[in-house]
Structure formats: C-alpha cells, structure tokens
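Structure record follows, encoded as structure tokens.
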Amino acid sequence: MGMTTVATQPVRQPQDHIEADAPWQGPHVASARADEQKIEDIYGRDVFSDRVMRQRLPREVYEAVKRTAERGKPLDQSIADTVANAMKEWAIENGATHYTHWFHPLTGLTAEKHDSFVVPDGTGGAVVEFSGDQLIQGEPDASSFPSGGIRTTFEARGYTAWDATSPVFLNRGRNNVTLCIPTAFVSWTGEALDMKTPLLRSMDAISKQALRVLRALGEHDHVKRVFTTLGVEQEYFLVDRNFFFQRPDLMVCGRTLVGAKPPKDQQLEDHYFGSIPSRVLAFMAELDLELYALGIPVRTRHNEVAPGQYEIASMFEAANIAADHQMLVMEKIERVAPRFGLRALLHEKPFAGVNGSGKHNNWSLMTDAGDNLLNPRDEVHTNVVFLTFLCAVLRAIDLYADLLRASIANAGNAHRLGANEAPPAIVSIFLGDMLTDIIEQLEQGSLTSTQQAGAIDLGARSLPQISAHTGDRNRTSPFAFTGNRFEFRAVGSSAAVAWPNTILNIIVADSLDWIATRLEADLAKNATVEERCKAAHAILHEIVKTHKRIIFNGDNYSQDWIEEAKKRGLPHLKYAIDALPVLKEKRIVDVFNRAGVLNPAEVRSRFAIFIDTYNTQLSIEAATLVNLSRQLILPAALRHQLQVGEAIAAAQSAGVDCEDQRHMLEDIVDLITRFRGTIDALKRALAHPSEDAEAKAHHFEDVVKPAMGDVRELADELELLVASDLWPLPTYRELLFVK
C-alpha cells in the first residue's frame, strides 16, 4: 500500500532508512492472506504446540513435557535431547537456520542472541546440531543488562533456562526464520535478572495458597493446581511514517515534547468505535495474521477515543503465556506498521491534550479443572469459594495498595494517570451493585440473598429483549470487578505485564495464606460443610469490617473522591518518585520474601533499576527538547522574525505607516527572547551534581519537568505564530489525522 503524505512546507526526507514504503511480499506470514488460506490453518502455525508435540514426540516424552507445562512438575532432563531434536527438525522444515533463548531482561523489552544450527564437521562440510543441553540452558552476558547492582562489569556470567510452560515459536523475518525458546534469565549466583522468573515463582506461590484454602473449605479436592489467567487490552497510536522521521522527539522519546493543540482533536467523540481507516485496517489485518500464526488469541480491534489511537485485545490465557504473548504483540505492532507507511507509538502519552494509552490487565484465578474461582455464578450468597477469594483480593489490595501503585510507576505512565482518561493514582476497587450488596450483608453477619439481573425492553417489536447485568461498569476505577475477573486499568501501554501481575499474585497469595492459616487453626480435619462455611463467613466478616474502605463505586475522576480517599486513609502516591520507594520498605521486602518470589537483594535491585530508568528517560527527554528547540524551533522563529522585519522595512520605505506591524515584531522578538531563556534554564536544570538516584529523581520531578513545561509552553505559542511554511515539525493536525 502506498503512503499518504501531507506537507505544508519543504522538509528533509530520510534517505537512508531501510524500511520499505510498501508491504514486502516475501515468504513470511504476511503473504498468507485470509482469502488464500483458512484462518484456522494459519492459527498456531509457527508454534511448537501441543498438537505438534503429540505428532513428533514419543508418548512418554510428550506426557513428561505436558506434566511440566500444566502441573509445574520439574522437567526430566533425560528427555531433553529427544525434545531438542524434534524442535530442531520442525524448525528446519519451516526454514529456520538459527535458534535463540528469548528472555525478558529488566529493560522492559525482550532480548535474544542467535546461534546457528550449522556446525563445521571438520572435513570442510557441516552438520546440523541442537542438543538437549542447548535447549535447556544458555549463557548470555549478565553484566550488560540492568541488574541493580547484583552484577557488575567484571561479574558477567548469567544463565538462561528453558521455560517449558511457554510455547516455543518461530520468528519470521524477510529472509530468515529463528527458533525462539522462551527462557528465564538469572545471574551466576541464582538471582532473577528478568521479568519471567518472578512471575513464574509468584504463580507457584498463589497456587500453593489457593490450594490450601480450597482444601480447608472442603472444596475442589480433585484440583492439583490453580493458575492466574490474564487477558490484555493494548492501546497504541499510529502516525504516518514520513511525519515520524521528521519529529526527533518521537524518534528518540516515543512522545511529542512540543506541539500546539489543534482546533479539533477528540472533542466530538467521533473516533471511538468509528469506521477504521482503510490503511489502518489493512495494517490490523496483517497484524492479526502474524499473531494468529504465533498462536496469540487476539480477538478485538477498534478505534480508541483519541484520533489516531487504536486497541487490540487478547482472550484469556495462563498469565505467564499471556505475558510472553503480550511482549510479542507489542513487537509485532511495531514491526508490521512500517509495511503500511505507518509508525506505531506505544508510549503512554504521545500527545498532550488528548487521551493517552493504557493496557487493561484482566486478571483471574482458574483451577486445572477449568473452574474460574472468581466466577460468582447465580446465587452468590451461597458460593463460599467465590466469596473467600473475593475477600482475599479485597484484603490484598487494601494492605498493599501502595505496592500495586508502584508496580505501574514509570516516567511514561506519570503523564497519563489521573488525567480523566485513566484511573487516578489512588488504588481502589469497584464491585458494582450486586457484589456491594453481598459485601454489606457479610459485614452485617448474615448472607440471605443475591440481587438478580433483569432485562431491558428496547420498545421496538423487531428488537429482542436484552439481558441486563446486575451492576454497571466503571471505567474510572483502577481495579474493577467485571463479571468473573478484575480489570487492573492503570497499567501503562508500554509496560511489560509480567511485573504488575507478579505483584498481584504475591499480595493475593499473602491474603490466601492468612485465610488458610486461620481456617486450618479453627477447623478440625473432619469438620462438616456447615462448620467450614461458618468459619469462613466469620473470617470474611472480619476482612470486610477491616478493609471495606478500599471499595469505591463512584467517579474516581472527581475531586470529591480524592478528598474522600484521604479521609479513608488510602495512599495517594501521585508521582512515580513517591510510589517507587515503597519497594524499600521492610513489610514489602518481607511479602516478596515470604512468597519465595524475590529475596531482599532482588527487591532492592528492582528499586534501583526503576529509579535509574526513570532518571535516564527524563534526562533523554530534556536533552532532546533542548536540542530540537535550539536546532529546529529557534531557527524557524528567527526566520519568521526576519520575514516580518523585512516586510515592515519594505512597507516603511514605501511610506506606509507600520505601527501595528512594529508592535507585532516587538511581540515576536519578546517571545523568542523568552523562549531562549527557557531553553537556557532547562539546560541549567539538567546539570544536577547529586549522585544519589532518589535525590536526582526528585530533582527531575520538581525542577526539570517544570522547566520542560516552560519550554513547551512558549514553543507551542511560537507554533501558532510562525508561518506554516517555516515551521520545521509536523503538527498535531498532521500527526493525528493523516491516516
């Protein structure tokens, strides 16, 4: 597809970028159009899936791998060579020449080092090899990834270890295919240096405590494991590729550091769920095919609220697989877009003044028998299992609201939270009318009834009656119950979901541990069902009395709620630098340690990495703003000043009175002078001598960010003043509306 371009002035075009202007039609997934091949044949084509393993592995080997994937049983290393050989043959048949251990370092991105299957045979020829040892373990350099002090430059050894619970897949490029093996990444001394290892540990922790609760309640005795499940909704922006390369701020920082608000943006609310532009729809169709081939269950695509903003959503999977798939979704969005002359923006706030992008994190608990433990079913007041797990979540969120807030704290999300487009930086829970009524009954000590859903008569004979839910939805809540799951709406669009889900898992596991311990102490082994229910209701009554303050069903955007939350004693950690130090508190370190998810050194390393990343991102943004202001905006403003001056001089030489124009010129000169002053002030603000990361972060928040705001304010004023043929940057009008 050809590119659409709009330009109002001469601009420098990138001459040496390797991306093609039109979709490349080489031998990869994109060539398999839906009209040429059935979707069900494409789905999972590039995955070493359960179906492929059944076909290629001996039965006993297949069953051993399945036990590891489904029950968390340790992998029998004696079968590794057999599995590796089957993977190698399958990959080579599909064109693969290399393999890689694919992992999630603490950069928030993915990492890979490719090794060839081809090995010289000593006779001038070559053989193809891939052993069980190569499958199970790799050794990347651990000193070049963020470690928060766990590894230094002279302590380079680290290991990757195959995660058999997440499917191996093929990554197809223009002229290459690579076998990708999802792995954990740890140091030589065993500390987790990645996002995956803590997530897997946290899933073990919550399974252990959930099983204790179920056994104490005398329920689900056949269940051997409980999984956290996850479905993710990913928001993103698309901009024309030409415009992207003319914006240094977008290229370097992922967001616009300057840009005047256009006359029209999202005021008419005409973009949300609107007709998808044809070029964007073509991109979405190609993206879906690539994700289908990787077995990623994407289901929904639509226009989002802001112009140029879109969403893709996946169905539920086990949380560790969903986390891997979410990283692939983000990668594929960015890789597919250029084929259609577009660039994808995953930053939480690419454009000031319009909605930013989030990543709605739909979290639930599922047994290995397929039962959703957070499904209330019809007679909720009789469902002691659901009520117990619901109250465990209430207790967890109330006790660790600050930790949950810290889990989504980063420089990008700081622009979005509390901006009437995303939840505020106050964590609360929305339950809806029916569950709130149940909670009130629990508080009063007697469960007697469940509110029933009704129906809506649409008033036209040709239209059916619609079944109504027992409660409304609340899109302003950061943590809302939405039928059979909780939706954590505060996660940022660029974030790796593994970290916030690790936090969710350990804090809920902590509450389940507390409940199980109480039940086990209060109940005899031969307790009756009635006795177990009575003991559970007493504990749930206590939880509700203590932790009901976390429940809020109203408008989280309102100022009244901020005041009410303060009265309730809920933490309001407005800025990232306020939230992240929570990770240093002993009670937080202890909850990680009790769950066996992170030891104290590993927790400290996360704090150090997150603070350093925050400082580095803001430093890059500020330096970029200084450069583009000096090199692009200021010269354009001076050229405009020159043109106005020359026009005035020409008019004066012709004897024309130019007093008004002289005032205009004076205003331009004054604005440019003030603009130069703000640039210099920002440059000075960047020179902060402190080596302490926290002190530096506070300086960025308190001094540098306001200085950046001053530069932006005058830059945006200049944009509206300088002639459009002189302005050097594509405007919001072009970036948001050219599709």
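Ordering of the structure tokens sets the chain letters (A, B, ...); residue numbers start at 1 within each chain; ligands are numbered from 1 in the order shown.
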request  = Name the residues of range 567-689 of chain A that come out as alpha helix (DSSP H) in a backbone DSSP run; write them as a PyMOL selection string.
outcome  = chain A and resi 567-568+576-579+586-595+600-628+634-653+659-685
message = Need to verify the contact set: Tyr272 in chain A, 8 Å, only C-alpha atoms, exclusion of same-chain residues closer than 6 positions in sequence. Can you return it as a ChimeraX atom specification?
response = /A:302-306
Can you spit out the residues from that selection as a PDB file, in the first residue's frame, using C-alpha atoms?
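Wrote it out as again03.pdb, contents follow:
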ATOM      1  CA  HIS A 302     -11.226  -0.992  17.156  1.00  0.00           C
ATOM      2  CA  ASN A 303     -10.682   2.754  17.105  1.00  0.00           C
ATOM      3  CA  GLU A 304      -9.970   4.193  20.536  1.00  0.00           C
ATOM      4  CA  VAL A 305     -11.038   7.583  21.913  1.00  0.00           C
ATOM      5  CA  ALA A 306      -8.288   9.834  20.552  1.00  0.00           C
TER       6      ALA A 306
END
ask   = Contacts of Ser202 in chain A at 10 Å or less, counting only C-alpha atoms, minus same-chain residues fewer than 5 places along, as JSON, numbers by chain?
value = {"A": [196, 197, 207, 208, 228, 501, 502, 503, 504, 505, 506, 507, 508, 509, 592, 595, 596, 597, 598]}
query = Hey, what does DSSP flag as strand (DSSP E) within range 7-245 of chain A? Can you give it to me as a ChimeraX atom specification?
reply = /A:98-102,114-116,118-120,126-128,137-138,158-162,169-172,177-187,226-240
ask   = Do you know which residues are at most 12 Å from range 661-666 of chain A counting only C-alpha atoms, after dropping those on the same chain fewer than 5 positions away, and could you put them as a list in words?
value =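 Residues near the query, excluding close chain neighbours: Ala637, Leu638, His640, Gln641, Leu642, Gln643, Val644, Gly645, Glu646, Ala647, Ile648, Ala649, Ala650, Ala651, Gln652, Val656, Leu671, Ile672, Thr673, Leu721 and Val722 of chain A.
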task = Give me, please, the distance in Å between CA of Val385 in chain A and CA of His541 in chain A, quoted to one decimal.
result =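 These atoms are spaced 14.4 Å apart.
Using only C-alpha atoms, the shortest contact distance between Glu520 in chain A and any of A:Gly358, A:Pro478, A:Leu217, A:Ser629 is found at A:Leu217.
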For Pro423 in chain A, the nearest of the candidates A:Asn375, A:Gln309, A:Lys525, A:Tyr557, counting only C-alpha atoms =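 That would be A:Tyr557, the residue with the smallest distance to Pro423 in chain A.
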